[in-house]
$ cat input.txt   # compact mmCIF, C-alpha atoms
# COMPACT_ATOMS: atom_id res chain seq x y z
CA MET S 1 4.88 21.24 3.98
CA ASP S 2 1.67 20.33 2.19
CA GLN S 3 2.73 16.80 1.34
CA ARG S 4 5.18 16.03 4.15
CA LEU S 5 6.21 17.55 7.46
CA LEU S 6 9.88 16.60 7.11
CA ARG S 7 12.13 16.01 4.12
CA PRO S 8 12.46 12.26 3.39
CA GLY S 9 16.17 12.26 4.26
CA VAL S 10 15.58 14.08 7.55
CA ALA S 11 12.71 11.73 8.44
CA ARG S 12 14.87 8.67 7.71
CA ALA S 13 17.72 9.98 9.85
CA LEU S 14 15.28 10.85 12.63
CA GLY S 15 13.88 7.30 12.50
CA TRP S 16 17.33 5.77 12.98
CA ILE S 17 18.23 8.21 15.77
CA ALA S 18 14.93 7.46 17.53
CA LEU S 19 15.55 3.72 17.22
CA ALA S 20 19.08 4.09 18.62
CA ALA S 21 17.73 6.24 21.46
CA LEU S 22 15.17 3.56 22.31
CA ALA S 23 17.92 0.92 22.34
CA VAL S 24 19.96 3.05 24.78
CA LEU S 25 16.84 3.52 26.90
CA VAL S 26 16.30 -0.26 27.06
CA ILE S 27 19.90 -0.79 28.23
CA PHE S 28 19.70 1.94 30.87
CA GLY S 29 16.13 1.25 31.92
CA LEU S 30 16.48 -2.50 32.33
CA PHE S 31 20.15 -3.04 33.20
CA VAL S 32 22.13 0.07 34.13
CA ALA S 33 19.77 2.05 36.40
CA PRO S 34 19.73 0.65 39.95
CA PRO S 35 16.52 -0.73 41.47
CA ASP S 36 14.52 1.64 43.66
CA ARG S 37 14.99 1.25 47.45
CA ILE S 38 11.26 0.83 48.07
CA GLN S 39 9.69 -0.16 44.75
CA SER S 40 12.61 -2.35 43.71
CA ASP S 41 12.62 -3.24 40.00
CA ALA S 42 8.98 -2.21 39.47
CA GLN S 43 10.43 1.31 39.28
CA ARG S 44 11.83 0.37 35.85
CA LEU S 45 8.31 0.79 34.46
CA MET S 46 8.52 4.50 35.31
CA TYR S 47 11.13 4.92 32.55
CA LEU S 48 8.27 4.13 30.18
CA HIS S 49 5.22 5.40 32.04
CA VAL S 50 6.44 8.99 32.51
CA PRO S 51 7.80 9.50 28.95
CA VAL S 52 4.72 8.02 27.24
CA ALA S 53 2.45 10.17 29.43
CA TRP S 54 4.52 13.23 28.42
CA VAL S 55 4.18 12.33 24.73
CA ALA S 56 0.40 11.93 25.15
CA TYR S 57 0.24 15.48 26.58
CA LEU S 58 2.49 16.77 23.80
CA ALA S 59 0.44 15.04 21.09
CA PHE S 60 -2.83 16.46 22.36
CA GLY S 61 -1.20 19.87 22.74
CA ILE S 62 -0.16 19.77 19.08
CA THR S 63 -3.69 18.67 18.18
CA ALA S 64 -5.11 21.66 20.06
CA LEU S 65 -2.58 24.01 18.43
CA GLY S 66 -3.38 22.66 14.96
CA SER S 67 -7.08 23.05 15.67
CA VAL S 68 -6.69 26.69 16.76
CA LEU S 69 -4.61 27.47 13.67
CA TRP S 70 -7.27 25.89 11.48
CA LEU S 71 -10.08 27.81 13.18
CA LEU S 72 -8.33 31.18 12.78
CA PRO S 73 -9.27 32.53 9.33
CA ARG S 74 -5.81 34.07 8.80
CA THR S 75 -3.93 30.80 9.31
CA ARG S 76 -6.57 28.36 8.02
CA SER S 77 -4.99 25.58 5.99
CA PRO S 78 -5.61 21.84 5.53
CA VAL S 79 -2.10 21.33 6.90
CA TRP S 80 -3.29 22.19 10.43
CA ASP S 81 -6.26 19.86 10.24
CA ARG S 82 -4.04 16.98 9.09
CA LEU S 83 -1.49 17.78 11.78
CA ALA S 84 -4.23 17.75 14.43
CA GLY S 85 -5.67 14.44 13.20
CA SER S 86 -2.28 12.72 12.92
CA SER S 87 -1.16 13.90 16.33
CA ALA S 88 -4.41 12.87 18.02
CA GLU S 89 -4.07 9.30 16.78
CA ILE S 90 -0.54 9.04 18.19
CA GLY S 91 -1.77 10.66 21.40
CA VAL S 92 -4.46 8.00 21.80
CA ILE S 93 -1.89 5.22 21.41
CA PHE S 94 0.43 6.82 23.95
CA THR S 95 -2.46 7.39 26.38
CA ALA S 96 -3.33 3.70 26.10
CA LEU S 97 0.32 2.84 26.81
CA THR S 98 0.29 5.22 29.79
CA LEU S 99 -2.70 3.38 31.25
CA VAL S 100 -1.29 -0.10 30.56
CA ASP S 101 2.21 0.65 31.88
CA GLY S 102 0.71 2.41 34.90
CA SER S 103 -1.50 -0.58 35.59
CA LEU S 104 1.44 -3.00 35.33
CA TRP S 105 3.34 -0.80 37.80
CA GLY S 106 0.32 -0.44 40.11
CA ARG S 107 -0.16 -4.17 40.61
CA PRO S 108 3.15 -4.83 42.41
CA VAL S 109 3.41 -1.40 44.09
CA TRP S 110 -0.21 -0.58 45.02
CA GLY S 111 -1.49 -4.14 45.00
CA VAL S 112 -4.21 -3.38 42.42
CA TRP S 113 -4.39 -3.22 38.64
CA TRP S 114 -6.82 -0.32 38.73
CA ALA S 115 -8.26 2.13 41.27
CA TRP S 116 -11.04 4.67 40.87
CA ASP S 117 -8.47 7.36 41.49
CA ALA S 118 -8.67 10.91 40.10
CA ARG S 119 -5.53 10.62 37.91
CA LEU S 120 -6.47 7.22 36.54
CA VAL S 121 -10.09 8.10 35.84
CA THR S 122 -9.34 11.45 34.18
CA THR S 123 -6.67 9.74 32.03
CA ALA S 124 -9.18 7.09 30.98
CA VAL S 125 -11.65 9.89 30.17
CA LEU S 126 -8.92 11.55 28.08
CA PHE S 127 -8.41 8.31 26.16
CA PHE S 128 -12.12 7.98 25.36
CA LEU S 129 -12.50 11.69 24.50
CA TYR S 130 -9.81 11.46 21.82
CA LEU S 131 -11.11 8.08 20.67
CA GLY S 132 -14.38 9.95 20.05
CA TYR S 133 -12.43 12.66 18.23
CA LEU S 134 -10.90 10.03 15.91
CA ALA S 135 -14.37 8.56 15.31
CA LEU S 136 -15.61 12.06 14.44
CA ARG S 137 -12.87 12.39 11.84
CA ARG S 138 -14.15 9.24 10.12
CA ILE S 139 -17.70 10.54 9.59
CA PRO S 140 -18.07 11.27 5.87
CA SER S 141 -18.43 14.97 5.19
CA SER S 142 -16.91 17.79 3.21
CA PRO S 143 -13.29 18.44 4.26
CA GLU S 144 -14.23 21.93 5.45
CA ALA S 145 -17.14 20.80 7.64
CA ARG S 146 -15.18 17.88 9.06
CA ALA S 147 -12.18 20.03 9.88
CA LYS S 148 -14.37 22.60 11.63
CA ARG S 149 -16.26 20.19 13.87
CA CYS S 150 -13.07 18.23 14.63
CA ALA S 151 -11.19 21.40 15.56
CA ILE S 152 -13.94 22.37 18.00
CA ALA S 153 -14.08 18.83 19.42
CA ALA S 154 -10.29 18.81 19.86
CA LEU S 155 -10.38 22.03 21.86
CA VAL S 156 -13.19 20.71 24.05
CA ALA S 157 -11.28 17.46 24.64
CA PHE S 158 -8.08 19.35 25.47
CA VAL S 159 -9.76 20.82 28.56
CA ASP S 160 -9.18 17.40 30.15
CA VAL S 161 -5.37 17.58 29.75
CA PRO S 162 -4.74 20.12 32.56
CA ILE S 163 -7.39 18.34 34.65
CA VAL S 164 -5.39 15.10 34.27
CA HIS S 165 -2.13 16.84 35.11
CA PHE S 166 -3.38 18.68 38.18
CA SER S 167 -5.78 15.96 39.36
CA VAL S 168 -3.20 14.75 41.91
CA ASN S 169 -3.18 18.24 43.48
CA LEU S 170 -6.90 18.92 43.14
CA TRP S 171 -8.11 15.72 44.80
CA ARG S 172 -6.78 13.45 47.55
CA THR S 173 -5.80 10.52 45.50
CA LEU S 174 -3.91 7.22 45.49
CA HIS S 175 -1.67 8.36 42.64
CA GLN S 176 1.32 10.21 44.05
CA GLN S 177 1.88 13.88 43.32
CA GLY S 178 4.64 15.06 41.02
CA THR S 179 8.07 13.96 42.19
CA VAL S 180 10.75 15.57 40.04
CA PHE S 181 9.47 19.17 40.17
CA ASN S 182 7.99 18.96 43.67
CA ASP S 183 9.79 21.58 45.83
CA GLN S 184 8.15 20.36 49.05
CA LEU S 185 9.27 16.79 48.43
CA ASP S 186 12.86 17.81 47.63
CA ALA S 187 13.46 14.41 46.09
CA HIS S 188 17.05 13.31 45.60
CA ILE S 189 17.02 11.09 42.55
CA HIS S 190 20.02 8.88 41.83
CA GLY S 191 21.99 10.33 38.90
CA VAL S 192 21.60 7.32 36.63
CA MET S 193 17.89 7.04 37.45
CA ALA S 194 17.33 10.74 36.68
CA PHE S 195 19.33 10.43 33.46
CA THR S 196 17.33 7.37 32.36
CA LEU S 197 14.05 9.14 33.06
CA TRP S 198 15.01 12.26 31.10
CA PHE S 199 16.57 10.23 28.34
CA GLY S 200 13.28 8.32 28.08
CA VAL S 201 11.43 11.63 27.63
CA PHE S 202 13.91 12.59 24.91
CA ALA S 203 13.75 9.20 23.13
CA PHE S 204 9.95 9.03 23.08
CA THR S 205 9.72 12.64 21.89
CA LEU S 206 11.87 11.66 18.90
CA VAL S 207 9.62 8.65 18.29
CA TYR S 208 6.61 10.96 18.41
CA VAL S 209 8.02 13.41 15.84
CA TYR S 210 9.00 10.53 13.55
CA LEU S 211 5.57 8.88 13.78
CA LEU S 212 3.83 12.24 13.31
CA ASP S 213 5.65 12.78 10.03
CA LYS S 214 4.79 9.26 8.85
CA ARG S 215 1.13 9.53 9.88
CA TYR S 216 0.77 12.96 8.28
CA ARG S 217 2.12 11.61 4.98
CA LEU S 218 -0.35 8.72 5.10
CA LEU S 219 -3.22 11.14 5.74
CA VAL S 220 -2.22 13.18 2.66
CA LEU S 221 -2.16 10.02 0.54
CA ASP S 222 -5.53 8.89 1.90
CA GLU S 223 -7.08 12.28 1.08
CA ASP S 224 -5.67 12.11 -2.46
CA ARG S 225 -7.05 8.62 -2.93
CA GLU S 226 -10.51 9.66 -1.66
CA GLU S 227 -10.52 12.62 -4.05
CA ARG S 228 -9.54 10.41 -6.99
CA GLU S 229 -12.23 7.87 -6.09
CA VAL S 230 -14.89 10.59 -5.95
CA GLN S 231 -13.83 11.98 -9.33
CA GLN S 232 -13.79 8.48 -10.82
CA ALA S 233 -17.25 7.69 -9.40
CA ILE S 234 -18.65 10.93 -10.87
CA ALA S 235 -17.10 10.15 -14.26
CA GLU S 236 -18.51 6.60 -14.22
CA ARG S 237 -21.97 7.85 -13.21
CA LEU S 238 -21.98 10.39 -16.03
CA ALA S 239 -20.80 7.80 -18.54
CA ALA S 240 -23.49 5.31 -17.47
CA SER S 241 -26.30 7.88 -17.39
CA PRO S 242 -29.08 7.00 -19.95
CA VAL S 243 -30.11 10.65 -20.30
CA PRO S 244 -27.59 12.72 -22.22
CA PRO S 245 -26.60 15.90 -20.45
CA ALA S 246 -28.79 18.87 -21.43
CA PRO S 247 -27.24 21.25 -23.95
CA PRO S 248 -26.17 24.54 -22.48
CA THR S 249 -28.96 27.12 -22.54
CA PRO S 250 -28.22 30.27 -24.51
CA PRO S 251 -27.77 33.32 -22.32
CA VAL S 252 -30.89 35.50 -22.05
CA GLU S 253 -30.23 39.10 -22.80
CA VAL S 254 -31.55 41.50 -20.22
CA GLY S 255 -34.50 43.44 -21.53
CA ALA S 256 -34.94 41.16 -24.57
CA PRO S 257 -38.56 40.49 -25.68
CA ARG S 258 -39.93 37.12 -24.46
CA MET W 1 15.08 -8.97 38.89
CA ARG W 2 12.09 -8.63 41.20
CA PHE W 3 8.66 -8.19 39.60
CA ALA W 4 10.23 -9.25 36.31
CA GLU W 5 6.89 -10.44 34.93
CA TYR W 6 5.42 -6.93 35.22
CA VAL W 7 8.53 -5.10 34.07
CA ILE W 8 9.20 -7.30 31.04
CA THR W 9 5.51 -7.31 30.08
CA GLY W 10 5.40 -3.51 30.21
CA TRP W 11 8.51 -3.02 28.12
CA ALA W 12 7.57 -5.74 25.64
CA LEU W 13 4.01 -4.44 25.25
CA THR W 14 5.18 -0.87 24.70
CA GLY W 15 7.77 -1.94 22.13
CA ALA W 16 5.36 -4.25 20.35
CA THR W 17 2.61 -1.60 20.22
CA LEU W 18 4.93 0.99 18.70
CA ALA W 19 6.39 -1.54 16.25
CA VAL W 20 2.93 -2.67 15.09
CA TYR W 21 1.73 0.92 14.70
CA TRP W 22 4.87 1.87 12.72
CA PHE W 23 4.53 -1.22 10.53
CA TRP W 24 0.83 -0.46 9.90
CA ILE W 25 1.66 3.11 8.78
CA VAL W 26 4.54 2.00 6.54
CA ARG W 27 2.52 -0.77 4.88
CA ARG W 28 -0.47 1.50 4.20
CA THR W 29 1.80 4.29 2.95
CA ARG W 30 3.54 1.95 0.51
CA ARG W 31 0.19 0.64 -0.74
CA ALA W 32 -1.14 4.19 -1.15
CA GLU W 33 2.00 5.32 -2.99
CA GLN W 34 1.76 2.37 -5.36
CA SER W 35 -1.83 3.28 -6.21
CA LEU W 36 -0.88 6.82 -7.23
CA PRO W 37 -1.51 7.53 -10.93
CA ASP W 38 1.57 6.57 -13.00
CA GLY W 39 3.37 5.63 -9.79
CA GLU W 40 3.76 9.32 -8.95
CA VAL W 41 5.44 9.74 -5.55
CA GLU W 42 6.12 13.21 -4.23

$ encode --input "input.txt" --output "structure tokens"
Amino acid sequence: MDQRLLRPGVARALGWIALAALAVLVIFGLFVAPPDRIQSDAQRLMYLHVPVAWVAYLAFGITALGSVLWLLPRTRSPVWDRLAGSSAEIGVIFTALTLVDGSLWGRPVWGVWWAWDARLVTTAVLFFLYLGYLALRRIPSSPEARAKRCAIAALVAFVDVPIVHFSVNLWRTLHQQGTVFNDQLDAHIHGVMAFTLWFGVFAFTLVYVYLLDKRYRLLVLDEDREEREVQQAIAERLAASPVPPAPPTPPVEVGAPR
Amino acid sequence: MRFAEYVITGWALTGATLAVYWFWIVRRTRRAEQSLPDGEVE
């Protein structure tokens, strides 16, 4: 697990399955699922918006989990730090997609691209928090110190995830409350529409796992390259040094006359 | 399709973003693997 999360064969198969799942989602989302009675075809953006928002939550959850496992002395391993960093980057991309797809849906349905609404604002805050986390990871430092401060930052940033999720219940807001799991609403969703929505969640989860494996592998290679460059720079500095290294001092015996 | 400009833009942007990100990872991974000493790939 040190070098890769998944075996190369498994990762390759997962990539093809994820691609096929996305193709099925495109067919169902754009052509098979009927238009919504009120929102008409703008509803088709929900087959993206909801799954990418779910993956953003999942990615930041994995980042938080990796950070906790790194902080606990018993489970501390560079694997968890890499997992956290890789997952956070994917989470940032999916949060950006959540905002963009939501905005494209909001224009025809709400009449605005953006509103200073609790869900939208807390999601934007989430995006910038994890953008800051990624910036923190790029500050040069020892791997240990970087992993520690990033793990703490990830846990602080994760506080915003439940705030985003429950923002529609905590504040009166333009963004609608949950639909699928809302008992009070008792929503009857057309079978094909429900299938497309859940299939979207499934397809994007596969995409997430595939990308996580790829990004983790790249992080391992980057760390190896950095280590090699440091070793090479030290060797070059020593070779170019005009002063020869001092000979080793003989050990001083305890109690020996000076 | 009503609101086609929004729907198609959303789907196209999402697909393009994921494709570009995947391509960026694959290209950097290949470059990094080629720079390994003696072409060592684990």

$ atom_distance --input "input.txt" --atom1 "CA of Ala32 in chain W" --atom2 "CA of Ser87 in chain S"
20.0 Å

$ closest_residue --input "input.txt" --among "S:Arg44, S:Arg76, S:Arg107, S:Arg119" --to "Leu174 in chain S" --atoms "all atoms listed in the file"
S:Arg119

$ residues_around --input "input.txt" --residues "Trp22 in chain W" --least-positions-apart "4" --cutoff "10 Å" --atoms "only C-alpha atoms" --output "MDAnalysis selection string"
(chainID S and resid 207 210:211 214:215) or (chainID W and resid 16:18 26:27)

$ atom_distance --input "input.txt" --atom1 "CA of Met193 in chain S" --atom2 "CA of Ala118 in chain S"
27.0 Å

$ residues_around --input "input.txt" --residues "Asp41 in chain S" --least-positions-apart "2" --cutoff "12 Å" --atoms "only C-alpha atoms" --output "count of residues only"
28

$ atom_distance --input "input.txt" --atom1 "CA of Asp2 in chain S" --atom2 "CA of Phe202 in chain S"
26.9 Å

$ axis_aligned_box --input "input.txt" --around "range 64-80 of chain S" --padding-each-side "5 Å" --output "lines of an AutoDock Vina configuration file"
center_x = -6.1
center_y = 27.7
center_z = 12.8
size_x = 18.0
size_y = 22.7
size_z = 24.5

$ closest_residue --input "input.txt" --among "S:Trp80, S:Phe166, S:Phe94, S:Trp54" --to "chain W" --atoms "all atoms listed in the file"
S:Phe94

$ closest_residue --input "input.txt" --among "S:Gly102, S:Pro250, S:Gly9, S:Gly111" --to "chain W" --atoms "only C-alpha atoms"
S:Gly102

$ closest_residue --input "input.txt" --among "S:Leu221, S:Leu212, S:Ser86, S:Glu227" --to "chain W" --atoms "all atoms listed in the file"
S:Leu221

$ closest_residue --input "input.txt" --among "S:Ala153, S:Leu170, S:Leu104, S:Leu97" --to "Ala53 in chain S" --atoms "only C-alpha atoms"
S:Leu97

$ closest_residue --input "input.txt" --among "S:Ala145, S:Ala157, S:Leu83, S:Ala203" --to "Ala20 in chain S" --atoms "only C-alpha atoms"
S:Ala203

$ residues_around --input "input.txt" --residues "Ala19 in chain W" --least-positions-apart "5" --cutoff "12 Å" --atoms "only C-alpha atoms" --output "PyMOL selection string"
(chain S and resi 19+22+93+207+211) or (chain W and resi 12-14+24-26)

$ residues_around --input "input.txt" --residues "Pro8 in chain S" --least-positions-apart "4" --cutoff "10 Å" --atoms "only C-alpha atoms" --output "MDAnalysis selection string"
(chainID S and resid 4 12:14 213:214) or (chainID W and resid 42)

$ build_atoms --input "input.txt" --residues "range 185-219 of chain S" --atoms "N, CA and C atoms" --output "tab-separated table (two decimals), keeping the file's coordinate frame"
chain	number	residue	atom	x	y	z
S	185	LEU	N	8.76	18.15	48.28
S	185	LEU	CA	9.27	16.79	48.43
S	185	LEU	C	10.80	16.79	48.48
S	186	ASP	N	11.40	17.70	47.71
S	186	ASP	CA	12.86	17.81	47.63
S	186	ASP	C	13.50	16.43	47.40
S	187	ALA	N	13.02	15.78	46.36
S	187	ALA	CA	13.46	14.41	46.09
S	187	ALA	C	14.89	14.40	45.56
S	188	HIS	N	15.69	13.50	46.11
S	188	HIS	CA	17.05	13.31	45.60
S	188	HIS	C	17.04	12.05	44.76
S	189	ILE	N	17.09	12.24	43.45
S	189	ILE	CA	17.02	11.09	42.55
S	189	ILE	C	18.44	10.70	42.15
S	190	HIS	N	18.72	9.41	42.23
S	190	HIS	CA	20.02	8.88	41.83
S	190	HIS	C	20.35	9.35	40.41
S	191	GLY	N	21.60	9.76	40.19
S	191	GLY	CA	21.99	10.33	38.90
S	191	GLY	C	21.62	9.49	37.70
S	192	VAL	N	21.89	8.20	37.77
S	192	VAL	CA	21.60	7.32	36.63
S	192	VAL	C	20.08	7.18	36.45
S	193	MET	N	19.36	7.14	37.55
S	193	MET	CA	17.89	7.04	37.45
S	193	MET	C	17.31	8.30	36.81
S	194	ALA	N	17.81	9.47	37.25
S	194	ALA	CA	17.33	10.74	36.68
S	194	ALA	C	17.68	10.81	35.19
S	195	PHE	N	18.91	10.42	34.87
S	195	PHE	CA	19.33	10.43	33.46
S	195	PHE	C	18.42	9.53	32.62
S	196	THR	N	18.16	8.33	33.12
S	196	THR	CA	17.33	7.37	32.36
S	196	THR	C	15.92	7.93	32.14
S	197	LEU	N	15.40	8.56	33.19
S	197	LEU	CA	14.05	9.14	33.06
S	197	LEU	C	14.02	10.24	32.00
S	198	TRP	N	14.98	11.16	32.07
S	198	TRP	CA	15.01	12.26	31.10
S	198	TRP	C	15.35	11.77	29.71
S	199	PHE	N	16.23	10.77	29.65
S	199	PHE	CA	16.57	10.23	28.34
S	199	PHE	C	15.35	9.55	27.72
S	200	GLY	N	14.53	8.93	28.56
S	200	GLY	CA	13.28	8.32	28.08
S	200	GLY	C	12.36	9.37	27.47
S	201	VAL	N	12.26	10.52	28.15
S	201	VAL	CA	11.43	11.63	27.63
S	201	VAL	C	11.96	12.06	26.26
S	202	PHE	N	13.27	12.18	26.17
S	202	PHE	CA	13.91	12.59	24.91
S	202	PHE	C	13.65	11.55	23.81
S	203	ALA	N	13.89	10.27	24.13
S	203	ALA	CA	13.75	9.20	23.13
S	203	ALA	C	12.31	9.11	22.62
S	204	PHE	N	11.35	9.16	23.52
S	204	PHE	CA	9.95	9.03	23.08
S	204	PHE	C	9.47	10.29	22.36
S	205	THR	N	10.07	11.44	22.65
S	205	THR	CA	9.72	12.64	21.89
S	205	THR	C	10.19	12.49	20.45
S	206	LEU	N	11.38	11.92	20.26
S	206	LEU	CA	11.87	11.66	18.90
S	206	LEU	C	10.94	10.69	18.18
S	207	VAL	N	10.53	9.64	18.89
S	207	VAL	CA	9.62	8.65	18.29
S	207	VAL	C	8.33	9.34	17.87
S	208	TYR	N	7.84	10.25	18.72
S	208	TYR	CA	6.61	10.96	18.41
S	208	TYR	C	6.75	11.79	17.12
S	209	VAL	N	7.83	12.55	17.02
S	209	VAL	CA	8.02	13.41	15.84
S	209	VAL	C	8.13	12.54	14.58
S	210	TYR	N	8.85	11.43	14.69
S	210	TYR	CA	9.00	10.53	13.55
S	210	TYR	C	7.64	9.96	13.13
S	211	LEU	N	6.88	9.47	14.10
S	211	LEU	CA	5.57	8.88	13.78
S	211	LEU	C	4.61	9.93	13.24
S	212	LEU	N	4.71	11.16	13.78
S	212	LEU	CA	3.83	12.24	13.31
S	212	LEU	C	4.06	12.51	11.83
S	213	ASP	N	5.32	12.55	11.44
S	213	ASP	CA	5.65	12.78	10.03
S	213	ASP	C	5.09	11.65	9.16
S	214	LYS	N	5.27	10.42	9.61
S	214	LYS	CA	4.79	9.26	8.85
S	214	LYS	C	3.26	9.28	8.74
S	215	ARG	N	2.60	9.58	9.86
S	215	ARG	CA	1.13	9.53	9.88
S	215	ARG	C	0.54	10.67	9.04
S	216	TYR	N	1.22	11.81	9.07
S	216	TYR	CA	0.77	12.96	8.28
S	216	TYR	C	0.83	12.61	6.79
S	217	ARG	N	1.94	12.00	6.39
S	217	ARG	CA	2.12	11.61	4.98
S	217	ARG	C	1.01	10.65	4.55
S	218	LEU	N	0.70	9.69	5.42
S	218	LEU	CA	-0.35	8.72	5.10
S	218	LEU	C	-1.71	9.41	4.96
S	219	LEU	N	-1.96	10.40	5.81
S	219	LEU	CA	-3.22	11.14	5.74
S	219	LEU	C	-3.34	11.88	4.41
